[in-house]
Amino acid sequence: VTLEPCCHYGKNPPCTEAVIEAGIKRVFVGSSDPNPLVAGKGIKQLRDNGIEVFENILRDECDAINEIFFHYITTKTPFVMMKYAMTIDGKIACYTGESKWITGDKARHNTHIDRHKFKGIMVGVGTVIADNPSLTCRIENGINPVRIICDSNLRIPVESNIVSTADEIPTVIATCCDDKDKQRILTDKGCKIILTKPKNNRVDLNELMILLGKEGIDSIILEGGSELNWSALESGIVQKVQAYIAPKIFGGNGAKNAVGGIGVELPSDAFQLENTSIKHFGNDILIEGRVKNVYRN
């Protein structure tokens, strides 16, 4: 098993009881469970019932499989994966703002597989205004993630695809604007409003993660623009980065980069990735990695 069998009643009965009742003699465990309700108690229960248990089998691989669960169970905040697609010269759009499409079909299909896996998807209101996305999962039998829009001043157009389908697909508008009339227009359309304290006149992303965690959202794909990407990195909420790189060159001093903001002052201040991997999707390349020393602000 990838994860230590649970020994408590939750949504389902304890896994340990099923193992014991099945008469299994040996259990190989990849990762121990950090949940205080388990945390070694499951293994002890198996051993107390005469079952031989081997621990830490392929632990690194199993830890990677369980990365969302581990983060959420220990922090009560969502695991955030920042994802973007860029050209080989680092552009996420042409100088005109056009961005469809940077990557090919195979890479885009993989992003929809991830949308199916993750509980939420988050963008900034600027992306909604510029691209009018639906942020849905477009694979067969796919589950749509909860859509989370960071909109500090409630500028989201009521006629946007996001708002017009909010009664069908769970949609959260995160804001620091307490204008009740603006909020009511959106809640009448089916949106849920989450209010945070302002931080630099914007949504406080750290507070937002706490509030979303309380809503049961354990994982988020961040598909924001360059400014939201920088804010997310700077606030320390990003655990993982996915960078799709297409063998194309847009050029242009005015063309947007994947990460904006003021940036770091020195190369030694860079956000670094570890445990990186490279995958190919047609002609496109995906580089994945965990953000090292996540907490910044």
# chains A, B, ... in the order shown; residues from 1 in each chain; ligands from 1
>>> residues_around(residues="stretch 78-84 of chain A", least_positions_apart="2", cutoff="8 Å", atoms="only C-alpha atoms", output="ChimeraX atom specification")
/A:68,71-72,76,86,92,209,212-213,217-224,229,237-244,258
>>> residues_around(residues="A:Cys62", least_positions_apart="4", cutoff="7 Å", atoms="only C-alpha atoms", output="JSON, numbers by chain")
{"A": [2, 30, 31, 58, 66]}
>>> atom_distance(atom1="atom CA of A:Asn12", atom2="atom CA of A:Val27")
20.0 Å
>>> select_by_dssp(residues="stretch 100-247 of chain A", states="alpha helix (DSSP H)", output="number ranges by chain")
A: 105-117, 125-131, 161-164, 180-188, 205-214, 226-235
>>> write_last_selection(atoms="N, CA and C atoms", output="short mmCIF file (atom, residue, chain, number, x, y, z; two decimals), in the first residue's frame")
data_model
loop_
_atom_site.label_atom_id
_atom_site.label_comp_id
_atom_site.auth_asym_id
_atom_site.auth_seq_id
_atom_site.Cartn_x
_atom_site.Cartn_y
_atom_site.Cartn_z
N ASP A 105 -2.01 19.98 -28.68
CA ASP A 105 -3.16 19.24 -28.14
C ASP A 105 -2.79 18.32 -26.98
N LYS A 106 -1.65 17.61 -27.09
CA LYS A 106 -1.28 16.64 -26.06
C LYS A 106 -0.99 17.32 -24.73
N ALA A 107 -0.30 18.45 -24.78
CA ALA A 107 -0.01 19.19 -23.54
C ALA A 107 -1.30 19.73 -22.93
N ARG A 108 -2.18 20.27 -23.78
CA ARG A 108 -3.43 20.84 -23.25
C ARG A 108 -4.31 19.75 -22.67
N HIS A 109 -4.28 18.55 -23.28
CA HIS A 109 -5.05 17.44 -22.73
C HIS A 109 -4.56 17.08 -21.33
N ASN A 110 -3.25 17.13 -21.14
CA ASN A 110 -2.70 16.81 -19.82
C ASN A 110 -3.13 17.82 -18.76
N THR A 111 -3.31 19.08 -19.15
CA THR A 111 -3.78 20.08 -18.18
C THR A 111 -5.20 19.77 -17.74
N HIS A 112 -6.00 19.20 -18.64
CA HIS A 112 -7.37 18.85 -18.26
C HIS A 112 -7.40 17.61 -17.35
N ILE A 113 -6.44 16.72 -17.53
CA ILE A 113 -6.31 15.59 -16.60
C ILE A 113 -6.02 16.12 -15.20
N ASP A 114 -5.15 17.12 -15.10
CA ASP A 114 -4.84 17.71 -13.80
C ASP A 114 -6.04 18.46 -13.24
N ARG A 115 -6.80 19.13 -14.09
CA ARG A 115 -8.00 19.80 -13.59
C ARG A 115 -8.98 18.80 -12.98
N HIS A 116 -9.01 17.60 -13.52
CA HIS A 116 -9.85 16.54 -12.98
C HIS A 116 -9.35 16.10 -11.60
N LYS A 117 -8.02 16.10 -11.40
CA LYS A 117 -7.42 15.62 -10.16
C LYS A 117 -7.51 16.64 -9.03
N VAL A 125 -8.73 38.15 -11.85
CA VAL A 125 -9.80 38.74 -12.64
C VAL A 125 -9.28 39.25 -13.98
N GLY A 126 -8.01 39.63 -14.04
CA GLY A 126 -7.43 40.08 -15.30
C GLY A 126 -7.49 39.02 -16.37
N THR A 127 -7.26 37.77 -15.98
CA THR A 127 -7.35 36.65 -16.92
C THR A 127 -8.78 36.48 -17.41
N VAL A 128 -9.75 36.64 -16.49
CA VAL A 128 -11.16 36.51 -16.87
C VAL A 128 -11.54 37.59 -17.87
N ILE A 129 -11.11 38.83 -17.62
CA ILE A 129 -11.44 39.94 -18.51
C ILE A 129 -10.77 39.79 -19.87
N ALA A 130 -9.51 39.33 -19.87
CA ALA A 130 -8.76 39.23 -21.12
C ALA A 130 -9.16 38.03 -21.97
N ASP A 131 -9.39 36.87 -21.32
CA ASP A 131 -9.58 35.62 -22.07
C ASP A 131 -10.99 35.06 -21.99
N ASN A 161 -18.15 34.07 -18.92
CA ASN A 161 -18.47 32.65 -18.84
C ASN A 161 -18.46 32.14 -17.41
N ILE A 162 -17.57 32.69 -16.58
CA ILE A 162 -17.47 32.24 -15.19
C ILE A 162 -18.76 32.54 -14.43
N VAL A 163 -19.21 33.79 -14.48
CA VAL A 163 -20.40 34.18 -13.71
C VAL A 163 -21.65 33.56 -14.29
N SER A 164 -21.76 33.51 -15.61
CA SER A 164 -22.99 33.02 -16.24
C SER A 164 -23.20 31.52 -16.02
N LYS A 180 -21.65 45.62 -0.62
CA LYS A 180 -22.71 44.61 -0.57
C LYS A 180 -23.51 44.54 -1.87
N ASP A 181 -23.70 45.67 -2.54
CA ASP A 181 -24.45 45.67 -3.79
C ASP A 181 -23.69 44.89 -4.87
N LYS A 182 -22.39 45.13 -4.98
CA LYS A 182 -21.58 44.37 -5.95
C LYS A 182 -21.59 42.89 -5.61
N GLN A 183 -21.47 42.57 -4.32
CA GLN A 183 -21.47 41.17 -3.91
C GLN A 183 -22.80 40.50 -4.24
N ARG A 184 -23.91 41.22 -4.01
CA ARG A 184 -25.23 40.64 -4.21
C ARG A 184 -25.47 40.30 -5.69
N ILE A 185 -24.96 41.11 -6.58
CA ILE A 185 -25.11 40.82 -8.01
C ILE A 185 -24.49 39.47 -8.35
N LEU A 186 -23.35 39.19 -7.74
CA LEU A 186 -22.64 37.94 -8.02
C LEU A 186 -23.27 36.76 -7.28
N THR A 187 -23.67 36.97 -6.03
CA THR A 187 -24.28 35.85 -5.30
C THR A 187 -25.63 35.48 -5.90
N ASP A 188 -26.34 36.44 -6.46
CA ASP A 188 -27.60 36.14 -7.13
C ASP A 188 -27.39 35.25 -8.36
N LEU A 205 -3.55 36.52 -0.02
CA LEU A 205 -3.53 35.13 -0.48
C LEU A 205 -3.31 34.14 0.66
N ASN A 206 -2.56 34.52 1.67
CA ASN A 206 -2.34 33.62 2.80
C ASN A 206 -3.63 33.40 3.58
N GLU A 207 -4.38 34.47 3.82
CA GLU A 207 -5.67 34.33 4.49
C GLU A 207 -6.64 33.54 3.62
N LEU A 208 -6.59 33.78 2.31
CA LEU A 208 -7.48 33.07 1.40
C LEU A 208 -7.24 31.57 1.47
N MET A 209 -5.97 31.14 1.54
CA MET A 209 -5.68 29.71 1.61
C MET A 209 -6.27 29.08 2.87
N ILE A 210 -6.20 29.82 3.98
CA ILE A 210 -6.79 29.31 5.23
C ILE A 210 -8.30 29.14 5.08
N LEU A 211 -8.94 30.15 4.49
CA LEU A 211 -10.40 30.11 4.32
C LEU A 211 -10.82 29.02 3.34
N LEU A 212 -10.05 28.83 2.26
CA LEU A 212 -10.37 27.77 1.30
C LEU A 212 -10.15 26.39 1.92
N GLY A 213 -9.12 26.27 2.75
CA GLY A 213 -8.90 25.01 3.44
C GLY A 213 -10.07 24.63 4.33
N LYS A 214 -10.66 25.63 4.98
CA LYS A 214 -11.83 25.38 5.83
C LYS A 214 -13.03 24.95 4.99
N SER A 226 0.75 36.77 -15.08
CA SER A 226 2.08 36.99 -14.53
C SER A 226 2.06 37.67 -13.17
N GLU A 227 1.12 38.61 -12.95
CA GLU A 227 1.09 39.33 -11.68
C GLU A 227 0.63 38.44 -10.53
N LEU A 228 -0.42 37.64 -10.78
CA LEU A 228 -0.90 36.73 -9.74
C LEU A 228 0.16 35.66 -9.45
N ASN A 229 0.84 35.20 -10.50
CA ASN A 229 1.91 34.21 -10.30
C ASN A 229 2.98 34.76 -9.36
N TRP A 230 3.40 36.01 -9.59
CA TRP A 230 4.40 36.60 -8.72
C TRP A 230 3.88 36.75 -7.29
N SER A 231 2.66 37.24 -7.15
CA SER A 231 2.09 37.43 -5.82
C SER A 231 2.00 36.11 -5.06
N ALA A 232 1.65 35.04 -5.78
CA ALA A 232 1.53 33.73 -5.15
C ALA A 232 2.89 33.21 -4.69
N LEU A 233 3.90 33.38 -5.54
CA LEU A 233 5.25 32.97 -5.15
C LEU A 233 5.75 33.80 -3.97
N GLU A 234 5.56 35.10 -4.05
CA GLU A 234 6.05 36.00 -3.01
C GLU A 234 5.39 35.72 -1.67
N SER A 235 4.11 35.34 -1.69
CA SER A 235 3.40 35.08 -0.44
C SER A 235 3.69 33.70 0.12
#
>>> closest_residue(among="A:Ala39, A:Lys11, A:Leu286, A:Lys256", to="A:Thr74", atoms="only C-alpha atoms")
A:Ala39
>>> residues_around(residues="A:Ala18", least_positions_apart="5", cutoff="12 Å", atoms="only C-alpha atoms", output="JSON, numbers by chain")
{"A": [5, 6, 7, 8, 12, 13, 23, 24, 42, 45, 46]}
>>> closest_residue(among="A:Cys176, A:Leu195, A:Ile102, A:Ile143", to="A:Ala85", atoms="only C-alpha atoms")
A:Ile102
>>> select_by_dssp(residues="stretch 19-254 of chain A", states="strand (DSSP E or B)", output="PyMOL selection string")
chain A and resi 26-28+31+52-54+79-87+91+120-124+146-150+171-175+192-195+198-199+202-203+219-222+240-246
>>> closest_residue(among="A:Phe250, A:Phe281, A:Phe271, A:Phe69", to="A:Glu98", atoms="only C-alpha atoms")
A:Phe250
>>> residues_around(residues="stretch 148-152 of chain A", least_positions_apart="3", cutoff="7 Å", atoms="only C-alpha atoms", output="list in words")
Gly120, Ile121, Met122, Val123, Gly124, Val125, Arg155, Ile156, Thr171, Val172, Ile173, Ala174, Thr175, Cys176, Cys177, Arg202 and Val203 of chain A
>>> residues_around(residues="A:Ile285", least_positions_apart="6", cutoff="8 Å", atoms="only C-alpha atoms", output="list in words")
Tyr244, Ile245, Ala246, Ile278 and Lys279 of chain A
>>> write_last_selection(atoms="C-alpha atoms", output="short mmCIF file (atom, residue, chain, number, x, y, z; two decimals), in the first residue's frame")
data_model
loop_
_atom_site.label_atom_id
_atom_site.label_comp_id
_atom_site.auth_asym_id
_atom_site.auth_seq_id
_atom_site.Cartn_x
_atom_site.Cartn_y
_atom_site.Cartn_z
CA TYR A 244 5.01 23.82 -20.26
CA ILE A 245 7.53 25.02 -22.83
CA ALA A 246 6.66 25.16 -26.53
CA ILE A 278 10.95 16.53 -17.49
CA LYS A 279 8.18 15.04 -19.63
#
>>> closest_residue(among="A:Arg47, A:Asn293, A:Ile287, A:Thr136", to="A:Asp269", atoms="only C-alpha atoms")
A:Asn293
